[in-house]
file final-v9.cif (mmCIF, C-alpha atoms)
data_target
#
loop_
_atom_site.label_atom_id
_atom_site.label_comp_id
_atom_site.auth_asym_id
_atom_site.auth_seq_id
_atom_site.Cartn_x
_atom_site.Cartn_y
_atom_site.Cartn_z
CA MET R 1 0.00 0.00 0.00
CA SER R 2 2.70 2.45 0.93
CA ASP R 3 4.60 1.69 -2.29
CA ALA R 4 1.74 3.05 -4.28
CA VAL R 5 1.43 6.28 -2.40
CA ASN R 6 4.70 7.22 -0.76
CA ALA R 7 6.74 9.95 -2.22
CA THR R 8 10.13 8.31 -2.39
CA GLY R 9 9.59 7.24 -5.96
CA SER R 10 11.75 4.17 -5.53
CA ASN R 11 10.59 0.60 -5.60
CA ASP R 12 12.04 -0.25 -2.24
CA GLY R 13 10.87 2.98 -0.57
CA GLY R 14 8.12 1.12 1.25
CA ASP R 15 10.49 -1.42 2.74
CA GLN R 16 12.93 1.30 3.74
CA ASP R 17 10.09 3.24 5.31
CA ASP R 18 8.97 0.19 7.27
CA LEU R 19 12.49 -0.37 8.55
CA LEU R 20 12.90 3.25 9.60
CA LEU R 21 9.54 3.18 11.35
CA ALA R 22 10.57 -0.01 13.15
CA ASP R 23 13.64 1.88 14.41
CA LEU R 24 11.40 4.70 15.58
CA ARG R 25 9.10 2.23 17.28
CA ALA R 26 12.04 0.74 19.16
CA LEU R 27 13.09 4.24 20.21
CA GLY R 28 9.58 5.04 21.42
CA SER R 29 9.32 1.83 23.43
CA ARG R 30 12.67 2.64 25.00
CA VAL R 31 12.27 6.31 25.92
CA ASP R 32 8.51 6.81 26.16
CA PRO R 33 6.67 3.61 27.11
CA VAL R 34 3.25 3.76 28.76
CA PRO R 35 4.04 4.27 32.46
CA ALA R 36 3.60 1.05 34.41
CA GLU R 37 1.24 2.70 36.94
CA ALA R 38 -0.97 3.93 34.11
CA LEU R 39 -1.25 0.38 32.77
CA VAL R 40 -2.09 -0.99 36.20
CA SER R 41 -4.84 1.62 36.67
CA ALA R 42 -6.26 0.98 33.21
CA ARG R 43 -6.40 -2.76 33.85
CA SER R 44 -8.31 -2.15 37.08
CA ALA R 45 -10.77 0.18 35.29
CA ILE R 46 -13.00 -2.77 34.35
CA ALA R 47 -13.94 -2.98 38.04
CA TRP R 48 -15.82 0.33 37.60
CA ARG R 49 -18.25 -1.36 35.22
CA THR R 50 -21.75 -0.59 36.46
CA MET R 51 -25.19 -1.56 35.30
CA ASP R 52 -28.77 -0.55 36.05
CA ARG R 53 -28.04 3.14 35.76
CA GLU R 54 -28.73 5.89 33.28
CA LEU R 55 -25.63 7.33 31.67
CA ALA R 56 -25.46 11.13 31.68
CA GLU R 57 -23.31 12.20 28.75
CA LEU R 58 -21.29 15.38 28.50
CA VAL R 59 -23.30 17.91 26.49
CA ASP R 60 -21.52 21.16 27.28
CA GLU R 61 -18.25 22.35 28.69
CA SER R 62 -16.71 25.75 29.14
CA SER R 63 -13.72 27.10 30.93
CA ASP R 64 -12.87 30.62 31.99
CA ALA R 65 -9.25 30.13 30.97
CA ARG R 66 -9.95 30.81 27.34
CA MET R 67 -12.23 33.74 27.88
CA ALA R 68 -9.66 35.36 30.14
CA GLY R 69 -6.93 34.55 27.65
CA ALA R 70 -4.93 33.23 30.54
CA ARG R 71 -2.58 30.29 30.28
CA SER R 72 -3.88 29.00 33.54
CA THR R 73 -5.01 25.59 34.61
CA ASN R 74 -6.73 27.01 37.67
CA ALA R 75 -9.79 28.55 36.07
CA PRO R 76 -13.06 26.84 37.01
CA THR R 77 -14.52 24.45 34.47
CA LEU R 78 -18.26 24.19 33.92
CA LEU R 79 -19.68 20.93 32.63
CA ALA R 80 -23.19 19.79 31.84
CA PHE R 81 -24.22 16.13 31.65
CA ARG R 82 -27.61 14.97 30.49
CA SER R 83 -29.51 11.72 30.91
CA PRO R 84 -33.17 11.04 30.05
CA HIS R 85 -34.23 11.92 33.63
CA LEU R 86 -31.68 14.36 34.90
CA THR R 87 -29.25 17.09 33.96
CA LEU R 88 -26.18 17.61 36.13
CA GLU R 89 -24.37 20.92 36.02
CA ILE R 90 -20.95 20.61 37.57
CA GLU R 91 -18.36 23.24 38.34
CA VAL R 92 -14.80 22.09 39.04
CA ARG R 93 -12.50 24.42 40.94
CA HIS R 94 -8.82 23.89 41.60
CA THR R 95 -7.63 24.59 45.12
CA PRO R 96 -4.25 23.99 46.71
CA ALA R 97 -5.74 21.09 48.67
CA GLY R 98 -7.27 19.37 45.66
CA ARG R 99 -10.26 19.63 43.37
CA SER R 100 -13.60 20.97 44.57
CA LEU R 101 -16.79 20.09 42.83
CA PHE R 102 -20.08 22.02 42.99
CA GLY R 103 -23.15 20.42 41.47
CA GLN R 104 -26.69 21.34 40.53
CA LEU R 105 -29.37 18.79 39.62
CA VAL R 106 -31.99 19.85 37.08
CA PRO R 107 -34.82 19.47 37.85
CA ALA R 108 -33.91 20.32 41.45
CA GLN R 109 -34.36 17.38 43.79
CA VAL R 110 -32.90 15.64 46.80
CA ALA R 111 -30.40 12.92 45.94
CA ASP R 112 -27.56 10.83 47.33
CA VAL R 113 -24.37 11.67 45.48
CA VAL R 114 -21.22 9.59 45.20
CA VAL R 115 -18.16 11.03 43.47
CA ARG R 116 -15.61 8.52 42.21
CA HIS R 117 -12.05 9.73 41.69
CA ARG R 118 -8.46 8.54 41.72
CA GLY R 119 -8.38 8.64 45.50
CA GLY R 120 -11.52 6.52 46.00
CA THR R 121 -15.09 7.68 46.54
CA VAL R 122 -16.63 10.66 48.35
CA SER R 123 -20.28 10.87 49.39
CA ALA R 124 -22.41 13.99 49.42
CA ALA R 125 -26.09 14.90 49.44
CA ALA R 126 -28.01 17.14 47.08
CA ASP R 127 -30.37 19.46 49.00
CA GLU R 128 -33.94 20.39 48.04
CA ALA R 129 -32.57 22.97 45.65
CA GLY R 130 -30.65 20.18 43.94
CA ARG R 131 -27.27 21.52 45.06
CA PHE R 132 -24.33 19.50 46.30
CA ALA R 133 -20.66 20.19 47.00
CA VAL R 134 -17.49 18.20 47.56
CA THR R 135 -14.75 20.57 48.64
CA ASP R 136 -10.99 20.08 48.46
CA ALA R 137 -11.42 16.33 48.59
CA LEU R 138 -10.76 15.17 45.05
CA VAL R 139 -7.48 14.04 43.55
CA ALA R 140 -6.79 15.53 40.13
CA GLY R 141 -7.63 13.09 37.36
CA PRO R 142 -10.66 11.18 36.11
CA VAL R 143 -13.92 11.78 38.00
CA SER R 144 -17.45 10.42 37.69
CA VAL R 145 -20.56 11.43 39.64
CA ARG R 146 -23.37 9.04 40.56
CA CYS R 147 -26.73 10.37 41.77
CA THR R 148 -29.47 8.28 43.34
CA ALA R 149 -32.77 10.17 43.37
CA GLY R 150 -35.59 7.89 44.41
CA ALA R 151 -35.69 5.00 41.97
CA VAL R 152 -33.54 6.77 39.41
CA VAL R 153 -29.80 6.21 39.35
CA VAL R 154 -27.83 8.48 37.04
CA GLU R 155 -24.11 8.33 36.45
CA THR R 156 -22.01 10.83 34.52
CA ASP R 157 -19.47 9.79 31.97
CA TRP R 158 -15.87 10.08 33.21
CA PHE R 159 -14.18 13.44 32.85
CA VAL R 160 -10.80 14.85 33.85
CA ALA R 161 -11.13 17.21 36.79
CA MET J 1 -2.81 -3.41 8.16
CA ALA J 2 -3.89 -4.68 11.53
CA GLY J 3 -6.76 -6.31 9.65
CA GLY J 4 -6.40 -9.61 11.44
CA GLU J 5 -7.12 -8.01 14.79
CA HIS J 6 -10.71 -7.17 14.09
CA HIS J 7 -12.28 -10.54 14.85
CA ASP J 8 -10.24 -10.72 18.02
CA ASP J 9 -11.33 -7.23 19.01
CA HIS J 10 -14.96 -8.20 18.62
CA ALA J 11 -14.47 -11.21 20.87
CA LEU J 12 -12.44 -9.25 23.41
CA VAL J 13 -15.06 -6.50 23.69
CA GLU J 14 -17.83 -9.07 23.99
CA ALA J 15 -15.95 -10.82 26.80
CA ALA J 16 -15.10 -7.54 28.54
CA ARG J 17 -18.81 -6.68 28.47
CA HIS J 18 -19.26 -9.62 30.81
CA GLY J 19 -16.47 -8.47 33.07
CA ASP J 20 -13.79 -10.81 31.71
CA GLN J 21 -10.59 -9.41 33.23
CA ALA J 22 -8.26 -11.28 30.85
CA ALA J 23 -10.08 -9.92 27.81
CA TRP J 24 -9.97 -6.42 29.23
CA ASP J 25 -6.24 -6.76 29.99
CA ALA J 26 -5.71 -7.83 26.38
CA LEU J 27 -7.51 -4.70 25.13
CA VAL J 28 -5.37 -2.48 27.37
CA ALA J 29 -2.22 -4.28 26.22
CA CYS J 30 -3.17 -3.97 22.57
CA TYR J 31 -4.30 -0.35 22.57
CA GLY J 32 -2.42 1.20 25.50
CA SER J 33 0.57 2.20 23.42
CA ARG J 34 -1.69 3.80 20.81
CA VAL J 35 -3.67 5.84 23.34
CA TRP J 36 -0.40 6.97 24.95
CA ALA J 37 0.99 7.94 21.54
CA VAL J 38 -2.10 10.04 20.79
CA ALA J 39 -1.60 11.97 24.05
CA ARG J 40 2.10 12.50 23.26
CA ALA J 41 1.29 13.59 19.72
CA HIS J 42 -0.76 16.39 21.31
CA ARG J 43 2.35 17.31 23.30
CA LEU J 44 0.78 16.60 26.66
CA SER J 45 2.93 16.43 29.79
CA ASN J 46 3.28 13.20 31.73
CA ALA J 47 0.49 14.14 34.14
CA ASP J 48 -1.91 15.24 31.40
CA ALA J 49 -1.06 12.23 29.23
CA GLU J 50 -1.78 9.91 32.17
CA ASP J 51 -5.15 11.61 32.71
CA VAL J 52 -6.02 11.14 29.04
CA PHE J 53 -4.90 7.52 29.17
CA GLN J 54 -6.94 6.83 32.28
CA VAL J 55 -10.11 8.62 31.28
CA THR J 56 -10.05 7.06 27.80
CA PHE J 57 -10.07 3.52 29.19
CA LEU J 58 -12.61 4.44 31.90
CA ARG J 59 -14.87 5.82 29.18
CA LEU J 60 -14.46 2.59 27.26
CA VAL J 61 -15.67 0.70 30.34
CA THR J 62 -18.66 3.04 30.60
CA HIS J 63 -19.55 2.67 26.93
CA ILE J 64 -18.55 -0.93 26.38
CA ASP J 65 -22.15 -2.16 26.33
CA THR J 66 -23.25 0.38 23.76
CA ILE J 67 -20.36 0.52 21.29
CA ARG J 68 -22.05 -0.13 17.98
CA ASP J 69 -19.24 -1.97 16.27
CA PRO J 70 -16.93 -3.78 18.70
CA SER J 71 -14.53 -4.69 15.90
CA ARG J 72 -13.77 -0.97 15.57
CA VAL J 73 -12.86 -0.44 19.22
CA GLY J 74 -9.47 0.91 18.06
CA ALA J 75 -11.18 3.66 16.10
CA TRP J 76 -13.38 4.43 19.10
CA LEU J 77 -10.36 4.72 21.39
CA ALA J 78 -8.44 6.92 18.93
CA THR J 79 -11.39 9.30 18.65
CA THR J 80 -12.00 9.39 22.40
CA ALA J 81 -8.33 9.95 23.20
CA ARG J 82 -8.14 12.81 20.72
CA HIS J 83 -11.23 14.47 22.19
CA GLU J 84 -9.81 14.19 25.71
CA CYS J 85 -6.51 15.71 24.53
CA LEU J 86 -8.37 18.63 22.97
CA ARG J 87 -10.39 19.14 26.16
CA ILE J 88 -7.22 19.37 28.24
CA LEU J 89 -5.55 21.74 25.78
CA ARG J 90 -8.66 23.92 25.61
CA ARG J 91 -9.10 23.99 29.36
CA SER J 92 -5.56 25.14 29.94
CA GLY J 93 -5.94 27.84 27.31
CA ARG J 94 -3.32 26.30 25.09
CA VAL J 95 -3.58 26.47 21.34
CA LEU J 96 -3.88 23.27 19.38
CA PRO J 97 -0.73 22.10 17.69
CA SER J 98 -0.84 23.52 14.22
CA ASN J 99 -0.24 21.26 11.30
CA ASP J 100 2.38 23.24 9.46
CA GLU J 101 4.57 25.00 11.97
CA THR J 102 7.43 23.94 14.12
CA LEU J 103 6.37 24.62 17.68
CA ASP J 104 8.45 26.19 20.37
CA ALA J 105 7.82 22.79 21.94
CA ALA J 106 7.26 23.69 25.56
CA ASP J 107 6.14 20.11 26.00
CA PRO J 108 8.38 17.77 24.07
CA LEU J 109 6.92 15.05 21.94
CA LEU J 110 9.31 12.54 23.46
CA PRO J 111 11.01 12.84 26.83
CA PRO J 112 14.65 13.91 26.61
CA LEU J 113 17.11 11.09 26.34
CA GLU J 114 18.94 10.12 29.46
CA SER J 115 22.37 8.98 28.50
CA ARG J 116 22.10 5.75 30.43
CA LEU J 117 19.00 4.85 28.45
CA VAL J 118 20.59 5.30 25.10
CA GLU J 119 21.55 1.92 23.82
CA SER J 120 22.87 3.10 20.55
CA GLU J 121 24.00 6.17 18.69
CA ARG J 122 21.28 5.27 16.26
CA HIS J 123 18.60 6.05 18.87
CA ALA J 124 20.25 9.33 19.80
CA ALA J 125 20.44 10.33 16.14
CA LEU J 126 16.82 9.35 15.53
CA HIS J 127 15.67 11.27 18.59
CA ALA J 128 17.48 14.42 17.49
CA ALA J 129 16.38 14.12 13.87
CA LEU J 130 12.76 13.62 14.84
CA GLY J 131 12.87 16.84 16.84
CA ARG J 132 13.96 18.77 13.76
CA LEU J 133 11.02 17.70 11.61
CA PRO J 134 7.96 19.90 10.97
CA ASP J 135 5.35 19.60 13.67
CA LEU J 136 2.92 17.59 11.55
CA CYS J 137 5.62 15.02 10.81
CA GLN J 138 6.59 14.76 14.46
CA ARG J 139 2.98 14.19 15.50
CA LEU J 140 2.21 11.73 12.72
CA LEU J 141 5.36 9.69 13.34
CA ARG J 142 4.75 9.67 17.10
CA VAL J 143 1.35 8.07 16.53
CA LEU J 144 2.77 5.62 13.98
CA MET J 145 5.46 4.68 16.53
CA ALA J 146 2.84 3.01 18.73
CA ASP J 147 3.33 -0.72 19.22
CA PRO J 148 1.47 -2.52 17.71
CA GLU J 149 1.21 -0.10 14.79
CA PRO J 150 -2.17 1.64 14.47
CA SER J 151 -4.27 1.38 11.34
CA TYR J 152 -4.44 4.41 9.04
CA GLU J 153 -8.05 4.84 10.10
CA GLU J 154 -6.98 5.09 13.74
CA VAL J 155 -4.19 7.51 12.85
CA GLY J 156 -6.60 9.67 10.87
CA LEU J 157 -9.05 9.80 13.77
CA ALA J 158 -6.29 10.45 16.32
CA LEU J 159 -4.90 13.42 14.42
CA ASP J 160 -7.99 14.59 12.53
CA MET J 161 -6.34 13.90 9.19
CA PRO J 162 -8.05 12.42 6.12
CA ILE J 163 -7.21 8.72 5.87
CA GLY J 164 -6.12 9.17 2.27
CA SER J 165 -3.44 11.66 3.30
CA ILE J 166 -1.79 9.44 5.92
CA GLY J 167 0.16 7.23 3.49
CA PRO J 168 1.61 10.07 1.38
CA THR J 169 2.39 12.19 4.46
CA ARG J 170 4.04 9.20 6.15
CA GLY J 171 6.20 8.74 3.08
CA ARG J 172 7.19 12.41 2.94
CA CYS J 173 7.94 12.59 6.66
CA LEU J 174 10.07 9.45 6.65
CA LYS J 175 11.95 10.73 3.62
CA ARG J 176 12.63 13.96 5.45
CA LEU J 177 13.70 12.07 8.56
CA ARG J 178 16.10 10.03 6.46
CA ARG J 179 17.58 13.24 5.06
CA GLU J 180 17.99 14.66 8.57
CA LEU J 181 19.76 11.46 9.61
CA GLU J 182 22.09 11.74 6.66
CA GLY J 183 22.81 15.33 7.62
CA ILE J 184 21.67 16.74 4.29
#

call {"tool": "encode", "arguments": {"input": "final-v9.cif", "output": "C-alpha cells"}}
result
Amino acid sequence: MSDAVNATGSNDGGDQDDLLLADLRALGSRVDPVPAEALVSARSAIAWRTMDRELAELVDESSDARMAGARSTNAPTLLAFRSPHLTLEIEVRHTPAGRSLFGQLVPAQVADVVVRHRGGTVSAAADEAGRFAVTDALVAGPVSVRCTAGAVVVETDWFVA
Amino acid sequence: MAGGEHHDDHALVEAARHGDQAAWDALVACYGSRVWAVARAHRLSNADAEDVFQVTFLRLVTHIDTIRDPSRVGAWLATTARHECLRILRRSGRVLPSNDETLDAADPLLPPLESRLVESERHAALHAALGRLPDLCQRLLRVLMADPEPSYEEVGLALDMPIGSIGPTRGRCLKRLRRELEGI
C-alpha cells in the first residue's frame, strides 16, 4: 500500500520506510513507554463497570481560561451532563488542597451523590434545591458522579477534573 | 494493516462486556501504546497524558455495552483519546498544535534522552532528527510509533487527518527524517 502512495519514488521505498519506522518504534518503546502505573490503573478500570443506571453524557463544557486569555489551569470548568431523567451541572474548581466540585441537579431534587475519583469515593447529598458540593477532597484526574434520586440512578461519563 | 485483529477485538469486547478481566487486559495491552501515543502527539505532559490515558479507558468501560461496532474499538479509542486531549488543551488555554509550523515545543513530543537509556547512537540520532522535523511530521510519526502499529483509520481519527493523506504524508515525513539522519 505504501509503495503506491509514498513519495520516495523508488521501488524499495516502502520497505525502507517500514524499517525506519521499526527503528522509531524501538526508540519510542525505550524512551517513552506507557508508564507502568498507568497500565495498572487501566487494567483495574474494568472494576468500575456498572449496570442498572442511566448514563449522563457530557453535552456542554466551558472554561474561563480561554475567555480570560490566561494560560492558567486554575480557572473553574463548567460541565453539563444529560440523561433522560436528569441534567447535572458541575463546576470544578482547583484549590491547593485538591479539586472541589459544585453540582446542581436539574430538575432540582434531593439525591444521594457519590463522586468517584483517583483517591476513592466521596459521598455527598443534594439538598432540596438540587445543590451538592465536595470541597478540596478530590485528587486531580478522572472523575465520575453518581446520583441516586428515588428509583432513578444516574451516572455521569468520566471526565478529567 | 492490523486487519487480522478485528475478529479478536470483537471477541475481546464481547468478553469484557461480561467483566472478563483477561479480555480487558488484552484490550489495554493492545491499545495502550496507541492511546499513549495520541496523548504524546498532542504534546501533553506526563500528568496530562496519564489523565487522558486513564479517562479514555474508563470511558471505554462506561460505553462498552453500547459501542455499535466492537470490531472498531481501536477507532473508538483513537477518537475518544483525541477528544480528551483537545479538552485538556482547551481547558488550559493552550492552542492546538498547528499542522504546518514547528512549535516552540514547551512540551516535548518525546522525553529527553537520558544517557544511560541510550543503547545506541542510532537512537540518539533518531531522537534528534525527529525533533527537527515539521510539527505535523513529528505528531504523525509519534502516533505511527505506537506498538502494535495503528491502522491508518486510527491515525486519521487520532490526528484529525483524512485517511487518504496518511500514506503520502508518512512517506514524505520518513523521507525527510532520512535526510535529517544523513545530515543533508

call {"tool": "closest_residue", "arguments": {"input": "final-v9.cif", "among": "R:Val114, R:Val31, R:Leu19, R:Ala42", "to": "Thr156 of chain R", "atoms": "all atoms listed in the file"}}
result
R:Val114

call {"tool": "atom_distance", "arguments": {"input": "final-v9.cif", "atom1": "atom CA of Ile166 of chain J", "atom2": "atom CA of Gly32 of chain J"}}
result
21.3 Å

call {"tool": "resolve_selection", "arguments": {"input": "final-v9.cif", "expression": "the PyMOL selection byres ((chain J) within 7 of (chain R))", "output": "count of residues only"}}
result
32

call {"tool": "residues_around", "arguments": {"input": "final-v9.cif", "residues": "Asp69 of chain J", "least_positions_apart": "6", "cutoff": "10 Å", "atoms": "only C-alpha atoms", "output": "list in words"}}
result
Asp9, His10, Val13, Ala75 and Trp76 of chain J

call {"tool": "resolve_selection", "arguments": {"input": "final-v9.cif", "expression": "the PyMOL selection byres ((chain R and resi 86) around 9)", "output": "PyMOL selection string"}}
result
chain R and resi 56+81-85+87-88+105-107+154

call {"tool": "residues_around", "arguments": {"input": "final-v9.cif", "residues": "Val134 of chain R", "least_positions_apart": "4", "cutoff": "10 Å", "atoms": "all atoms listed in the file", "output": "NGL selection string"}}
result
:R and (92 or 99-103 or 113-115 or 122-125 or 138)

call {"tool": "write_last_selection", "arguments": {"input": "final-v9.cif", "atoms": "C-alpha atoms", "output": "mmCIF file, in the frame of the given file"}}
result
data_model
loop_
_atom_site.group_PDB
_atom_site.id
_atom_site.type_symbol
_atom_site.label_atom_id
_atom_site.label_comp_id
_atom_site.auth_asym_id
_atom_site.auth_seq_id
_atom_site.Cartn_x
_atom_site.Cartn_y
_atom_site.Cartn_z
ATOM 1 C CA VAL R 92 -14.800 22.090 39.040
ATOM 2 C CA ARG R 99 -10.260 19.630 43.370
ATOM 3 C CA SER R 100 -13.600 20.970 44.570
ATOM 4 C CA LEU R 101 -16.790 20.090 42.830
ATOM 5 C CA PHE R 102 -20.080 22.020 42.990
ATOM 6 C CA GLY R 103 -23.150 20.420 41.470
ATOM 7 C CA VAL R 113 -24.370 11.670 45.480
ATOM 8 C CA VAL R 114 -21.220 9.590 45.200
ATOM 9 C CA VAL R 115 -18.160 11.030 43.470
ATOM 10 C CA VAL R 122 -16.630 10.660 48.350
ATOM 11 C CA SER R 123 -20.280 10.870 49.390
ATOM 12 C CA ALA R 124 -22.410 13.990 49.420
ATOM 13 C CA ALA R 125 -26.090 14.900 49.440
ATOM 14 C CA LEU R 138 -10.760 15.170 45.050
#

call {"tool": "closest_residue", "arguments": {"input": "final-v9.cif", "among": "J:Pro150, J:Gly156, J:Pro134, J:Pro112", "to": "Cys173 of chain J", "atoms": "all atoms listed in the file"}}
result
J:Pro134

call {"tool": "build_atoms", "arguments": {"input": "final-v9.cif", "residues": "segment 145-160 of chain J", "atoms": "N, CA and C atoms", "output": "compact mmCIF listing (two decimals), keeping the file's coordinate frame"}}
result
# COMPACT_ATOMS: atom_id res chain seq x y z
N MET J 145 4.48 5.40 15.72
CA MET J 145 5.46 4.68 16.53
C MET J 145 4.82 3.74 17.55
N ALA J 146 3.51 3.85 17.73
CA ALA J 146 2.84 3.01 18.73
C ALA J 146 3.08 1.53 18.38
N ASP J 147 3.07 0.71 19.39
CA ASP J 147 3.33 -0.72 19.22
C ASP J 147 2.22 -1.52 19.89
N PRO J 148 1.41 -2.30 19.15
CA PRO J 148 1.47 -2.52 17.71
C PRO J 148 1.06 -1.26 16.93
N GLU J 149 1.46 -1.26 15.64
CA GLU J 149 1.21 -0.10 14.79
C GLU J 149 -0.28 0.12 14.59
N PRO J 150 -0.74 1.36 14.70
CA PRO J 150 -2.17 1.64 14.47
C PRO J 150 -2.53 1.57 12.98
N SER J 151 -3.80 1.35 12.72
CA SER J 151 -4.27 1.38 11.34
C SER J 151 -4.32 2.84 10.87
N TYR J 152 -4.35 3.04 9.56
CA TYR J 152 -4.44 4.41 9.04
C TYR J 152 -5.75 5.07 9.48
N GLU J 153 -6.79 4.26 9.63
CA GLU J 153 -8.05 4.84 10.10
C GLU J 153 -7.87 5.41 11.51
N GLU J 154 -7.21 4.63 12.37
CA GLU J 154 -6.98 5.09 13.74
C GLU J 154 -6.10 6.34 13.77
N VAL J 155 -5.08 6.35 12.92
CA VAL J 155 -4.19 7.51 12.85
C VAL J 155 -4.96 8.74 12.40
N GLY J 156 -5.80 8.55 11.38
CA GLY J 156 -6.60 9.67 10.87
C GLY J 156 -7.52 10.24 11.94
N LEU J 157 -8.14 9.35 12.71
CA LEU J 157 -9.05 9.80 13.77
C LEU J 157 -8.26 10.45 14.91
N ALA J 158 -7.09 9.92 15.21
CA ALA J 158 -6.29 10.45 16.32
C ALA J 158 -5.79 11.85 16.04
N LEU J 159 -5.52 12.14 14.77
CA LEU J 159 -4.90 13.42 14.42
C LEU J 159 -5.83 14.30 13.59
N ASP J 160 -7.04 13.84 13.36
CA ASP J 160 -7.99 14.59 12.53
C ASP J 160 -7.40 14.86 11.14
